[in-house]
Structures are given as C-alpha cells and as structure tokens.
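Below is one structure; the comments refer to it alone.
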Amino acid sequence: MSRKEKILEILREKKEVTVKELSNIFKVSEMTIYRDIKELEKEGEIKRKHGSVLLNTKENRETLTVDTCPICEKPITRSHPYKIIVENTKVIEACCEHCGLLLHQKYADKEVSAITYDFITENPISALNAFFVVGSSAVPCCSPSVIPFASREDAEKFQKGFGGKVMTFVEAYNEITNKMNINIKSCCAPQQNVTFKLDDLK
C-alpha cells in the first residue's frame, strides 16, 4: 500500500488529521507529506483545512463553506482564516494571506491588527511579525500564494522545497499590491507593535 493510500485509510478512521501527525506517523518531513496531500487534493480525494486534511465528502464540503472572501468572493474554508481587526471592533476575514494583504488596502488609514496562522503549527501570530513565502509552487488558495511562518528559518526551509521568496509583512504587502503602485518603506515598519496603520508605514 502506498503512502497516499495509507493517508486515505487514516482519514477514514480518524476523519481529520494534521500534517504534523502524518509526518510523525510516516517518519518523513512535513514537506514530503504536503506533496502527497497536494496530489490527493488534485485527485479530489481530500479537502484541506489550514494545517490539516479531511476526506472530500459532501458533508465536509457543506461544513467547510461558511462565508465568502471580501476580495475574491471564494468560500472561506479554512478553520483559521486571515483576520483583520479594525480599530479593535470590526473583524474582517479573508480566504488566504494573498487576499488578506489586499484587504489591508481598504483600511490603510485605520488602526488595525492582523492575525495569521503559522503554516506548520497553526499557532496564531501577528501578521506584522510573520515571515511569508510569496510566489511558491504551493498554491493552497489564491495566486501568487502567500504562506505565513512564525520564524524566518521555517520560511526558508519551505522555500527550499517549493521556491518563492521569503518576505516580511511589508515586503509581501508591496509585492502583492505592486500593481497599485503602493510602496511602503520596510525600514519604517514597527516590529513589535500589534496594531498599526498602513498609512503610517508609507
């Protein structure tokens, strides 16, 4: 039985499993498991929730579709979507970090905080302090993909396997919004603040 077949067998038994768990079960890297998952997703066998996978059943499809992205209008299927909290009151979610960065344009003059989730651990992190791999061959949602990590080291490991560029929040924002000719000076980005205004970073 191939590893992919074993993954499906595990999912039939457990219903849902994380990439980290599969990595431990098969004693291979998480990058190797991600490649298997990508193939299974293309074959229509599974659905991905950020950091975990489940079988592509009608029940799961209905459960996953809860809202639509304000940027691309795709269903938001991730259990932990990219979130922007505007002036500590209004919470807006995007389907992925790509659309999340574009969403910041609408609130450039507002004080916001932004939450994303580490691609490997699924732990919440401030988007401003995260490292992103932009434009890799791994495209879990919108293209070019923007994949978040809590540490530069993990981002660089992912980059070695899937390509793309490792960027800070400001660099990733500029990369994704360059068609709008927006240029934020990275040297002005506050590294420790949880809340920020995009206009202040210009």
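By convention in this document, the chains of the structure tokens carry letters A, B, ... by their order, each chain's residues are numbered from 1, and ligands are numbered from 1 in the order they are shown.
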**OP:** Write down as a VMD selection string the residues of region 26-191 of chain A whose backbone DSSP state falls under helix (DSSP H, G or I).
**Re:** chain A and resid 26 30 to 42 58 to 64 97 to 107 127 to 129 152 to 162 169 to 176 178 to 180 186 to 188
C-alpha atoms of the current selection, written as a PDB file, in the first residue's frame:
ATOM      1  CA  PHE A  26       5.288   8.030   8.440  1.00  0.00           C
ATOM      2  CA  GLU A  30       6.191  17.719   6.649  1.00  0.00           C
ATOM      3  CA  MET A  31       7.228  18.921   3.187  1.00  0.00           C
ATOM      4  CA  THR A  32       7.024  15.314   1.912  1.00  0.00           C
ATOM      5  CA  ILE A  33       3.556  14.916   3.432  1.00  0.00           C
ATOM      6  CA  TYR A  34       2.491  18.231   1.877  1.00  0.00           C
ATOM      7  CA  ARG A  35       3.443  16.893  -1.588  1.00  0.00           C
ATOM      8  CA  ASP A  36       1.286  13.798  -1.008  1.00  0.00           C
ATOM      9  CA  ILE A  37      -1.593  15.968   0.178  1.00  0.00           C
ATOM     10  CA  LYS A  38      -1.285  18.236  -2.850  1.00  0.00           C
ATOM     11  CA  GLU A  39      -1.585  15.210  -5.169  1.00  0.00           C
ATOM     12  CA  LEU A  40      -4.553  13.795  -3.244  1.00  0.00           C
ATOM     13  CA  GLU A  41      -6.263  17.185  -3.363  1.00  0.00           C
ATOM     14  CA  LYS A  42      -5.789  17.370  -7.142  1.00  0.00           C
ATOM     15  CA  LYS A  58     -20.415  16.020   0.688  1.00  0.00           C
ATOM     16  CA  GLU A  59     -20.805  16.510   4.444  1.00  0.00           C
ATOM     17  CA  ASN A  60     -17.336  18.023   4.772  1.00  0.00           C
ATOM     18  CA  ARG A  61     -17.842  20.318   1.791  1.00  0.00           C
ATOM     19  CA  GLU A  62     -21.043  21.698   3.328  1.00  0.00           C
ATOM     20  CA  THR A  63     -19.399  22.095   6.733  1.00  0.00           C
ATOM     21  CA  LEU A  64     -16.410  23.933   5.334  1.00  0.00           C
ATOM     22  CA  GLU A  97      -2.940  35.707   3.122  1.00  0.00           C
ATOM     23  CA  HIS A  98      -2.899  36.835  -0.525  1.00  0.00           C
ATOM     24  CA  CYS A  99      -6.368  38.352  -0.184  1.00  0.00           C
ATOM     25  CA  GLY A 100      -5.640  39.397   3.388  1.00  0.00           C
ATOM     26  CA  LEU A 101      -2.820  41.643   2.212  1.00  0.00           C
ATOM     27  CA  LEU A 102      -5.080  43.154  -0.459  1.00  0.00           C
ATOM     28  CA  LEU A 103      -7.758  43.676   2.189  1.00  0.00           C
ATOM     29  CA  HIS A 104      -5.355  45.942   4.085  1.00  0.00           C
ATOM     30  CA  GLN A 105      -5.655  48.490   1.252  1.00  0.00           C
ATOM     31  CA  LYS A 106      -9.253  49.200   2.247  1.00  0.00           C
ATOM     32  CA  TYR A 107      -8.203  50.072   5.780  1.00  0.00           C
ATOM     33  CA  ALA A 127       0.868  39.199  10.602  1.00  0.00           C
ATOM     34  CA  LEU A 128       3.159  42.187  11.057  1.00  0.00           C
ATOM     35  CA  ASN A 129       5.781  39.983  12.720  1.00  0.00           C
ATOM     36  CA  ARG A 152      12.360  33.033   9.095  1.00  0.00           C
ATOM     37  CA  GLU A 153      14.093  29.661   9.495  1.00  0.00           C
ATOM     38  CA  ASP A 154      10.883  27.701   8.805  1.00  0.00           C
ATOM     39  CA  ALA A 155      10.035  30.004   5.895  1.00  0.00           C
ATOM     40  CA  GLU A 156      13.462  29.396   4.352  1.00  0.00           C
ATOM     41  CA  LYS A 157      13.090  25.617   4.752  1.00  0.00           C
ATOM     42  CA  PHE A 158       9.746  25.784   2.952  1.00  0.00           C
ATOM     43  CA  GLN A 159      11.278  27.989   0.247  1.00  0.00           C
ATOM     44  CA  LYS A 160      13.956  25.365  -0.449  1.00  0.00           C
ATOM     45  CA  GLY A 161      11.267  22.796  -1.176  1.00  0.00           C
ATOM     46  CA  PHE A 162       8.722  24.918  -3.021  1.00  0.00           C
ATOM     47  CA  PHE A 169       4.872  41.664   6.105  1.00  0.00           C
ATOM     48  CA  VAL A 170       5.707  44.972   4.438  1.00  0.00           C
ATOM     49  CA  GLU A 171       7.696  43.314   1.650  1.00  0.00           C
ATOM     50  CA  ALA A 172       4.885  40.833   0.990  1.00  0.00           C
ATOM     51  CA  TYR A 173       2.307  43.640   1.016  1.00  0.00           C
ATOM     52  CA  ASN A 174       4.303  45.610  -1.543  1.00  0.00           C
ATOM     53  CA  GLU A 175       4.819  42.514  -3.701  1.00  0.00           C
ATOM     54  CA  ILE A 176       1.114  41.655  -3.826  1.00  0.00           C
ATOM     55  CA  ASN A 178       2.619  46.449  -6.654  1.00  0.00           C
ATOM     56  CA  LYS A 179       0.108  46.882  -9.467  1.00  0.00           C
ATOM     57  CA  MET A 180      -1.440  49.635  -7.373  1.00  0.00           C
ATOM     58  CA  SER A 186      10.225  48.451   5.217  1.00  0.00           C
ATOM     59  CA  CYS A 187      12.614  50.402   7.416  1.00  0.00           C
ATOM     60  CA  CYS A 188       9.647  52.257   8.894  1.00  0.00           C
TER      61      CYS A 188
END
Subject >> Residues within 7 Å of region 7-14 of chain A, only C-alpha atoms, excluding chain neighbours under 3 positions, as a list in words >> reply: Arg3, Lys4, Val17, Leu54 and Leu55 of chain A
**OP:** Enumerate, as a PyMOL selection string, the complete set of residues in chain A that a backbone-based DSSP assignment places in strand (DSSP E).
**Re:** chain A and resi 16-18+46-49+52-55+82-86+90-94+112-117+124-126+131-134+146-149+165-168+195-196
Residue subset to file, keeping C-alpha atoms, as a PDB file, in the first residue's frame:
ATOM      1  CA  GLU A  16      -9.331  14.565  10.243  1.00  0.00           C
ATOM      2  CA  VAL A  17      -5.566  14.637  10.746  1.00  0.00           C
ATOM      3  CA  THR A  18      -2.856  17.294  10.777  1.00  0.00           C
ATOM      4  CA  ILE A  46      -9.323  15.193   0.218  1.00  0.00           C
ATOM      5  CA  LYS A  47     -10.026  18.752   1.326  1.00  0.00           C
ATOM      6  CA  ARG A  48      -7.520  20.905   3.180  1.00  0.00           C
ATOM      7  CA  LYS A  49      -8.177  22.999   6.242  1.00  0.00           C
ATOM      8  CA  SER A  52      -4.902  19.648   8.439  1.00  0.00           C
ATOM      9  CA  VAL A  53      -6.751  17.441   5.947  1.00  0.00           C
ATOM     10  CA  LEU A  54     -10.048  15.579   5.768  1.00  0.00           C
ATOM     11  CA  LEU A  55     -11.853  13.420   3.229  1.00  0.00           C
ATOM     12  CA  TYR A  82      -6.553  35.564   7.865  1.00  0.00           C
ATOM     13  CA  LYS A  83      -8.176  38.179  10.113  1.00  0.00           C
ATOM     14  CA  ILE A  84      -8.009  41.940  10.263  1.00  0.00           C
ATOM     15  CA  ILE A  85      -9.382  43.652  13.369  1.00  0.00           C
ATOM     16  CA  VAL A  86     -10.207  47.279  12.583  1.00  0.00           C
ATOM     17  CA  LYS A  90     -14.700  45.110  13.493  1.00  0.00           C
ATOM     18  CA  VAL A  91     -13.290  41.721  12.421  1.00  0.00           C
ATOM     19  CA  ILE A  92     -12.915  41.001   8.692  1.00  0.00           C
ATOM     20  CA  GLU A  93     -11.750  37.628   7.389  1.00  0.00           C
ATOM     21  CA  ALA A  94     -10.083  36.779   4.068  1.00  0.00           C
ATOM     22  CA  VAL A 112      -5.699  47.595  12.622  1.00  0.00           C
ATOM     23  CA  SER A 113      -4.262  44.389  13.957  1.00  0.00           C
ATOM     24  CA  ALA A 114      -3.905  41.335  11.745  1.00  0.00           C
ATOM     25  CA  ILE A 115      -3.806  37.689  12.748  1.00  0.00           C
ATOM     26  CA  THR A 116      -2.500  34.855  10.614  1.00  0.00           C
ATOM     27  CA  TYR A 117      -1.546  31.286  11.472  1.00  0.00           C
ATOM     28  CA  PRO A 124      -1.726  32.330  15.752  1.00  0.00           C
ATOM     29  CA  ILE A 125       0.826  35.051  15.018  1.00  0.00           C
ATOM     30  CA  SER A 126       0.690  38.774  14.376  1.00  0.00           C
ATOM     31  CA  PHE A 131       7.557  35.835   7.571  1.00  0.00           C
ATOM     32  CA  PHE A 132       5.871  34.972   4.283  1.00  0.00           C
ATOM     33  CA  VAL A 133       6.893  32.789   1.342  1.00  0.00           C
ATOM     34  CA  VAL A 134       5.460  34.578  -1.690  1.00  0.00           C
ATOM     35  CA  VAL A 146       1.430  33.941   0.362  1.00  0.00           C
ATOM     36  CA  ILE A 147       2.288  31.377   3.038  1.00  0.00           C
ATOM     37  CA  PRO A 148       2.928  32.507   6.650  1.00  0.00           C
ATOM     38  CA  PHE A 149       5.504  31.302   9.159  1.00  0.00           C
ATOM     39  CA  LYS A 165      10.681  34.479  -1.896  1.00  0.00           C
ATOM     40  CA  VAL A 166      10.876  34.900   1.873  1.00  0.00           C
ATOM     41  CA  MET A 167       9.482  38.306   2.854  1.00  0.00           C
ATOM     42  CA  THR A 168       8.441  40.380   5.839  1.00  0.00           C
ATOM     43  CA  THR A 195      -1.688  47.439  15.903  1.00  0.00           C
ATOM     44  CA  PHE A 196      -0.611  49.663  13.047  1.00  0.00           C
TER      45      PHE A 196
END
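Candidate residues A:Ser145, A:Cys95, A:Glu5, A:Thr177 were compared for distance to Ile76 (chain A), and the nearest is A:Cys95, using only C-alpha atoms.
Between CA of Lys20 (chain A) and CA of Gly164 (chain A) lies a distance of 22.3 Å.
CA of Asp118 (chain A) is found 25.9 Å from CA of Glu43 (chain A).
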Original post:
So how far away is CA of Phe119 (chain A) from CA of Arg78 (chain A), in Å?
Top reply: 11.7 Å
